[in-house]
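**Q** Quick one: structure below, then a few questions.
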Number of protein chains: 2
Amino acid sequence: MNDENLDYLRHSCAHLLAAAVMEIWPSAKRTIGPAIENGFYYDFDFSAQGGSASGGGEFHLSEADFPKIEAKMLELVKTWKGFERKEVTKAEALKLYKDNEYKKELIEEFAKEGQELTLYTSGEYVDLCRGGHCRYPDKELKFFDLLSVAGAYWRGSEKNKMLTRIYGTVFPTRAGLDDYLKRQEEAKKRDHRKIGKELGLFVFSDLVGAGLPLLTPKGATIRRILERFIVDEEVKRGYLHVVTPPLAKVDLYRTSGHYPYYKDTMYPPMKVEEDELILRPMTCPHHFMLYKSAPRSWRELPVRFAELASQFRYEKSGELSGLMRVRMFTLADAHIITQPEHAKDEIRAVLDLIDYVNKRFGMVKGEDYRYQLSLGDRKETKKYYKDDAAWDHAEHVLREVLKEVGAPFYEAPNQAAFYGPKIDVQVKNVAGHEETAFTVQYDFVMPKRFELAYVAPDGSLKQPIVIHRSSLGAIERTMAFLIEHYAGAFPVWLAPVQVTLIPIAERHVEAARKTADLLKNRGIRVEVDDKSEPMGAKIRNATLQKVPYMGIIGDKEVTQERISVRTRKGEDLKAMSLENFLSLLQEAIEHTV
Amino acid sequence: MNDENLDYLRHSCAHLLAAAVMEIWPSAKRTIGPAIENGFYYDFDFSAQGGSASGGGEFHLSEADFPKIEAKMLELVKTWKGFERKEVTKAEALKLYKDNEYKKELIEEFAKEGQELTLYTSGEYVDLCRGGHCRYPDKELKFFDLLSVAGAYWRGSEKNKMLTRIYGTVFPTRAGLDDYLKRQEEAKKRDHRKIGKELGLFVFSDLVGAGLPLLTPKGATIRRILERFIVDEEVKRGYLHVVTPPLAKVDLYRTSGHYPYYKDTMYPPMKVEEDELILRPMTCPHHFMLYKSAPRSWRELPVRFAELASQFRYEKSGELSGLMRVRMFTLADAHIITQPEHAKDEIRAVLDLIDYVNKRFGMVKGEDYRYQLSLGDRKETKKYYKDDAAWDHAEHVLREVLKEVGAPFYEAPNQAAFYGPKIDVQVKNVAGHEETAFTVQYDFVMPKRFELAYVAPDGSLKQPIVIHRSSLGAIERTMAFLIEHYAGAFPVWLAPVQVTLIPIAERHVEAARKTADLLKNRGIRVEVDDKSEPMGAKIRNATLQKVPYMGIIGDKEVTQERISVRTRKGEDLKAMSLENFLSLLQEAIEHTV
C-alpha cells in the first residue's frame, strides 16, 4: 500500500472513530479528524456532555473508554460499504451542524474561499469532509487501535477552547498493526528520558531552566568518551580542531545572513557597553573569521576547521524533549574550505568518516541509515540563492560522489539549504521513524558574503567553496539516540561504568577496593558496591544499571587471587585471574561491543 | 628599604620630574604625581604650550623627549638638599596656582574637607603636596628612569580633559633599577599577546567582539592537551566530572546571592517565552542542583563535582588583555561537598593536586608560588556572613592544613570570601609580579542557602560544607601564563607541533610525508614543511616557531632510512633511525620537559 492509500485508510478510520463517539455520546461536538504520520486523530468537544464517562462530575474521556469505543467501531463498520459523496450548499451544511460552532466556522471559511462543500456518508454516519477515503471500509478498516487521549486547542491556538483529541492507528494487515504496536512498545521502553532516569545519566532543574540538561558523572563520562573519540578520529583525518566563542556581535550574523533570518529561534541580543552580543545559532561565521585572520595560499587548502561547538536555539517549551530537543547543544561541526576542484574528494572523505562513525555504533548502511540528496529549485529564487550554474555544478558533484561510493540514496527536490544543495544523513530511530541526523552541505554563497579567498599558484586571488558538515551530530541528540539504540546497555568502550566489583561480605571490601585500584590504573572505569546488601541484590542492581561486567569477590576469590566474573546478560564466566579479566576487558573495549 | 620608604622615594622623584618639566616647558600645568606599584607618574596639561617639542604644530610630548628631561632632573637634583614643608592659607595657595585650574580645583576641595594646605620646597621647586618624601633627595634620587608616556583623563573621568602622563621609576640602588628594567624587558619579550601572534595561537575578530579570543588549531591543541591532562588527573583522584549548562534562570543566581551582587560584571538577562535566562558568572549553583537531584547518603560523601566550566563576566573593554582578561573563560572548577569532619583531608588533597599541577609546569613551591590564607573580620558583618563560630572553625581548619603540609604561606586579614575563608594560590608571573592564580574556599553559607543535606549513619538529615576550588585556574589565563612562562618554547608534551620534518629538496617530500604518517600513527604531532624554500630557511622557521624537534630528510637519509635530528636550541643530534627518534620523543614527552 502506498503512502497516499495509507493516508486514505487512516482518514477513513477517523470517520469511523467519530461515528462511534457520536453514537455513545450524542452531545459531543465533532471538529476535525485528519490522517497523520503513523495513524490519525479526531478532536471532540465534550463540554455539552454531562457527567464523566464513568458517571458523576465533569466529563473526561480516558483510555478506559477505548474498549467501548473500539467495540462500537467494529459494530458500525459492518454496515459501511463505501463513502458516498454529496455536494451541498452552505445553508444545507450549516443546517446539518446548527449546534456545532466548530464545523460552522469551517463551513463559513470554506465558503468564503470558494471551496466546494461536500458531505460523505458511510453507513448511517455523515460528516463534512473534503474527501480521501478507502473504497471498502467494511473490509479494509479491521486492524485499528486507539492509542491515547490528549488535550488540544481548537486550531492549535491557546486562545481557543481545549478539545479532547483521540489518537489511533490503522494498518492494512494484522501483521502491520502488530509490528507497529510492538515497535511503539519497544520505543517506549527505550525512551531515552526513561532510561536516562533509571541509569542516572542526566537531570533537569526547574531553577536552571527547561531544555538545559545537567549531565551527571555517568552522563558526562559517555559524553567525554564520544567527544574524545570524534576529535581524535577527525584529527587523524586531517581536521584542524579549533575553539571559538559561542557568542559574538549581532553584526557577525547580519553579515552571514543568519540574523534576522533565524531570529525566531535565536536568543535575544545582549546589549552591554558598546557591544550588542548574541548567542550563536551556527558556527560557520566564526570559522570564517579564523580563516580570514591570515592570508591563505592554495598550499594550505583544503582547510578543515572542526569544533565541538556550543550552539543556542530557543526551542518552544512544548517542543523540548529530554536530550533530543534542547535549548543549547554541542555540534561536532566542521567547515571545509577548499578549491572547487577538490570538493568531490572532500565530500567523499566526509561520507567515509560518517560511515566509520555509524559503523562504530553498529549501524548498517542502507538498513539503519541512508542518504537523501536534497536539491534546490531554480524557480524558487526567494528560497534559494540565484545562481543556476552554481546549483547545477554543486548538485552534480554531490550526486556523482554518492554514485561513486555506492551509497544508498534518493533525491528530494526543493529540500536544499539557502546556499546550496546538501546530503542529509537519514537515520532510523528505534520506533522505525527516519530522521535527518545531520547534513553535508555544499555552499557557494557564504564564501562570497564573507569574501573568503586564497592565493592560487599563479598568484591570483580565488574564491574557495565551503562544505558544512557534521560527523557525529549534536552530542546531546546523539546521546539520546545511542541510549535508545542500546536500550542503555552501552558497549564496553562507551559504558560509564565498565565493571562493578561486588564484595560478598564486609570483610571483602578491602580486597575489592585494592582490585578496583589495580583496574583503575589500567584505565578501567570501575565501581565497588560496598553497600551492606546481600550479593544477589548487588548483582541485580548492577544488572539493572546495565554494567557490562560484575566481579564478585569472596573468601575463595581472595585466597586464590581470582575474581568471579558475570555479565549483565547473566552469563557466569567463572573465576579468573586479574590479568585474564583485564585481557577480556581490553578485548571487549577494542572490539567496541 | 621598606615599602613605605620606597613610596617616599618614588613620590619624591615625581616632584623632580615635575620640576624638570616646568623648567623646560614653563607653560605646562602640573596636576598630580603619586607613587605607584613599581614607580611613579606625573600628569601634565601641555595645551598652553605652543608647537611640538621638536618644533611646529600642536605640542605632543614623546619618549624622544626623555633624555632632555632626565638630564634636567640630574642637574636640578644636585641642589635638592631636602623637602621643606610650609603650611599656607587657601588664598596663598590659590595665588600660587592662579593659572592652573587643576591645582585650584584640588585646593578648593582640600579646603572644603578641612585639610591642611601644605607646600613642599626642594631646591627652587615648590609644589602643593600632602607630604611623604625622602630625606636626602640629592643623594637618594640617583637611579631613576623615565619609562613611557600615555594619555590620562583628569581625575580618571572621560568627561574631563585628556592630560599627558609620564611614567617613571626609581630604585635605591643601581642593581635594583637594572634588575627591574631587565625584568620589564623580558616580560615585554614574553608578552603572551606578542608570542601568541608570532606562533599563531589565537586571534581576535572585530566582528566577533572584544575579549572573545578564537583559538587557532595550534592554540586549540594546547588547550585540548591541558584539558585532558587535568580531567584525567582529577578523575584519577576521585573527582566526578559533570557537564552543566553555562546559562540558567536568573532565579538560580538570586537563590545563590550572586545576583544582583555580581550584576555589574554579569551579562544582561535574556527574556524569552516564560523564562529569564542569564549567562553564568559561577558554576557552584549548577553543581548544587546536581547534588540535590537525588537524596545523598553519608556513604557517597565527599561528592567531588568537577567541570571545565564556561563562565561569563563582562569585563570593561579597557580591562581586556589577550587571553589574560577575557569576557568568557573556562574554569577547571570543582565543588567538594563533604561532612565537615572530612574537610581537612579534602583540602589537603586539593593542595596536593595543586602542587602536582604546578610541578608539572616546572614551578617550585615557595619560589614560584606560595599560599595566602585569606581571613575574615568578625566585625565586618556586611562584608562577611555572620557566624563567628563557623569562621573560627573554618579558619582553624585551613591554617592547620597549611601547617601540616608544610606549605609556605602568610596570613592576610580581611581578604576572605563572603561565605568563608580561603587559601589563595599566589603565583609569580614573568615580570616578578605576584598574582592570585586561583583559590581554595571553605564555604558554610551556600549549603544553608541551597539546603544541601545528606543522610547521616544515624538516619538524621545533616548539612555538609562545600569546598570551592580550582586546580588549573581558567584555561585561557593559564594558557597566557604558560606562554609567558615558557616564552612560547613549550615542553614537548604541550607543544602544538612536536616535530617539523624538512625535506631538503622536492624529491624528498614523498619520504617526509611517509615518515610523518608513521609518526602520526604513534601519536606524534608532526608537520611537513614542503614549501619550496632552502633548508636553512626552513630550519630558521621551525626554530622561530619553537618546534622542539626538526627532522631533516635528504638523499643520505632516504638511502639509510634515517632522519637527521636537530632541536630548537640548535643542537645537532645527528642521523638516527625512526625508532630511535620515536624513543627520544617518547622520553621527552613522558618527562614533560
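We name chains A, B, ... following the order of the C-alpha cells; residues begin at 1 in each chain, and ligands are numbered from 1 as shown.
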If we count only C-alpha atoms and set the cut-off at 12 Å, which residues sit around A:Asp424, ignoring sequence neighbours fewer than 5 positions away in its own chain? Please answer as a PyMOL selection string.

**A** chain A and resi 351+354+369-375+398+402+408-412+415-417+434-442+468-471+473

**Q** With all C-alpha atoms paired in order, what RMSD does the least-squares fit of chain B onto chain A leave?

**A**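 Computed value for the CA RMSD is 0.3 Å.
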
**Q** List the spatial neighbours of stretch 541-552 of chain B as a ChimeraX atom specification - criterion: any atom at most 10 Å away, only C-alpha atoms, same-chain residues fewer than 6 positions off excluded.

**A** /B:195,198-200,487-492,495-504,508,512,515-516,526-529,535,562-576,578,581,585,588

**Q** Out of B:Glu533, B:Asp178, B:Asp7, B:Glu274, which residue has the shortest atom-to-atom distance to chain A when counting only C-alpha atoms?

**A** B:Glu274

**Q** Tell me which protein, DNA and RNA residues are within 7 Å of B:Asp45, counting only C-alpha atoms, leaving out same-chain ones fewer than 5 positions away, and put them as a count of residues only.

**A** 5

**Q** Which neighbours of B:Arg348 fall inside 9 Å, counting only C-alpha atoms, when residues of the same chain fewer than 6 positions from it are skipped, and could you give them as a VMD selection string?

**A** chain B and resid 401 to 402 404 to 405

**Q** Could you check which of B:Ile222, B:Val272, B:Leu582, B:Met73 is closest to A:Glu315, using only C-alpha atoms?

**A** B:Val272

**Q** What's the separation between atom CA of A:Gly523 and atom CA of A:Glu510, in Å to one decimal place?

**A**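 About the pair atom CA of A:Gly523 and atom CA of A:Glu510: they are 20.1 Å apart.
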
**Q** Would you please work out which residue, of B:Arg183, B:Lys112, B:Lys98, B:Arg304, is nearest to B:Ile467 when using only C-alpha atoms?

**A**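 Answer, going by the shortest atom-to-atom distance: B:Arg304.
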
**Q** Enumerate as a PyMOL selection string all residues of stretch 39-159 of chain A assigned to strand (DSSP E or B) by DSSP on the backbone, naming them with the chain letters and numbers the document uses.

**A** chain A and resi 39-45+50+58+84-88+117-122+125-128+143-153

**Q** Would you work out the distance separating atom CA of B:Gly362 from atom CA of B:Glu587, expressed in Å to one decimal?

**A** 16.8 Å

**Q** So, counting only C-alpha atoms, which residue among A:Glu234, A:Asp206, A:Glu506, A:Glu124 is closest to chain B?

**A**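 Nearest to chain B: A:Asp206.
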
**Q** Please compute the atom CA of A:Val77-atom CA of A:Asp138 distance, one decimal, in Å.

**A**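 Computing the Euclidean distance for atom CA of A:Val77 and atom CA of A:Asp138 yields 5.2 Å.
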
**Q** Mind listing the helix (DSSP H, G or I) residues of stretch 51-291 of chain B, per DSSP on the backbone, as a PyMOL selection string?

**A** chain B and resi 63-77+90-96+101-112+137-140+154-156+174-190+192-198+217-236+250-256+258-261+263-265+284-291

**Q** Excluding B:Met446 and residues on its chain fewer than 4 positions from it, collect all residues at most 10 Å away from it, counting only C-alpha atoms, and give them as a list in words.

**A**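 My reading of the contact set: Thr255, Ser256, Gly257, Cys284, Pro285, Phe288, Tyr419, Gly420, Phe450, Glu451, Leu452, Pro464, Ile465 and Val466 of chain B.
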
**Q** Take the residues from that selection and put them in a file with C-alpha atoms, as a compact mmCIF listing (two decimals), in the first residue's frame.

**A**
```
# COMPACT_ATOMS: atom_id res chain seq x y z
CA THR B 255 19.00 31.96 45.34
CA SER B 256 22.79 31.80 45.46
CA GLY B 257 23.03 35.51 46.13
CA CYS B 284 28.55 26.47 42.10
CA PRO B 285 24.74 26.73 41.93
CA PHE B 288 24.35 22.20 43.87
CA TYR B 419 30.88 32.84 52.70
CA GLY B 420 34.11 31.81 54.35
CA PHE B 450 20.59 25.77 48.90
CA GLU B 451 19.50 23.47 51.74
CA LEU B 452 22.11 20.86 50.86
CA PRO B 464 27.53 19.31 54.55
CA ILE B 465 30.08 22.05 53.88
CA VAL B 466 31.37 22.98 50.44
```

**Q** Excluding B:Lys344 and its own-chain neighbours fewer than 2 positions away, which residues fall within 10 Å of it when counting only C-alpha atoms? Please give them as an mmCIF file with N, CA and C atoms, in the first residue's frame.

**A**
```
data_model
loop_
_atom_site.group_PDB
_atom_site.id
_atom_site.type_symbol
_atom_site.label_atom_id
_atom_site.label_comp_id
_atom_site.auth_asym_id
_atom_site.auth_seq_id
_atom_site.Cartn_x
_atom_site.Cartn_y
_atom_site.Cartn_z
ATOM 1 N N PRO B 340 31.711 18.068 57.463
ATOM 2 C CA PRO B 340 32.730 18.991 57.979
ATOM 3 C C PRO B 340 33.957 18.247 58.500
ATOM 4 N N GLU B 341 33.769 17.073 59.077
ATOM 5 C CA GLU B 341 34.902 16.349 59.667
ATOM 6 C C GLU B 341 35.896 15.830 58.622
ATOM 7 N N HIS B 342 35.498 15.813 57.365
ATOM 8 C CA HIS B 342 36.439 15.384 56.327
ATOM 9 C C HIS B 342 37.060 16.563 55.568
ATOM 10 N N GLU B 346 40.151 16.705 52.662
ATOM 11 C CA GLU B 346 39.843 17.137 51.296
ATOM 12 C C GLU B 346 40.709 18.316 50.889
ATOM 13 N N ILE B 347 40.887 19.264 51.805
ATOM 14 C CA ILE B 347 41.708 20.444 51.479
ATOM 15 C C ILE B 347 43.164 20.024 51.277
ATOM 16 N N ARG B 348 43.605 19.080 52.107
ATOM 17 C CA ARG B 348 44.965 18.561 51.957
ATOM 18 C C ARG B 348 45.131 17.951 50.561
ATOM 19 N N ALA B 349 44.117 17.211 50.136
ATOM 20 C CA ALA B 349 44.176 16.567 48.816
ATOM 21 C C ALA B 349 44.156 17.612 47.698
ATOM 22 N N VAL B 350 43.413 18.707 47.913
ATOM 23 C CA VAL B 350 43.379 19.773 46.906
ATOM 24 C C VAL B 350 44.761 20.409 46.782
ATOM 25 N N ALA B 394 36.457 27.285 60.500
ATOM 26 C CA ALA B 394 36.946 27.168 59.115
ATOM 27 C C ALA B 394 38.376 27.704 59.001
ATOM 28 N N HIS B 396 40.556 27.889 61.331
ATOM 29 C CA HIS B 396 41.421 26.951 62.040
ATOM 30 C C HIS B 396 41.771 25.769 61.137
ATOM 31 N N VAL B 397 40.758 25.238 60.465
ATOM 32 C CA VAL B 397 40.967 24.083 59.588
ATOM 33 C C VAL B 397 41.982 24.417 58.488
ATOM 34 N N LEU B 398 41.772 25.548 57.819
ATOM 35 C CA LEU B 398 42.671 25.927 56.721
ATOM 36 C C LEU B 398 44.104 26.126 57.225
ATOM 37 N N ARG B 399 44.226 26.808 58.360
ATOM 38 C CA ARG B 399 45.548 27.081 58.911
ATOM 39 C C ARG B 399 46.264 25.782 59.282
ATOM 40 N N GLU B 400 45.503 24.877 59.897
ATOM 41 C CA GLU B 400 46.068 23.588 60.305
ATOM 42 C C GLU B 400 46.596 22.810 59.102
ATOM 43 N N VAL B 401 45.786 22.787 58.044
ATOM 44 C CA VAL B 401 46.207 22.039 56.849
ATOM 45 C C VAL B 401 47.493 22.635 56.295
ATOM 46 N N LEU B 402 47.526 23.959 56.172
ATOM 47 C CA LEU B 402 48.719 24.614 55.623
ATOM 48 C C LEU B 402 49.943 24.289 56.457
#
```

**Q** When distances are computed from only C-alpha atoms, which of B:Ala91, B:Cys134, B:Ile475, B:Leu177 shows the smallest separation from chain A?

**A**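 Distance minimum relative to chain A lands on B:Ile475.
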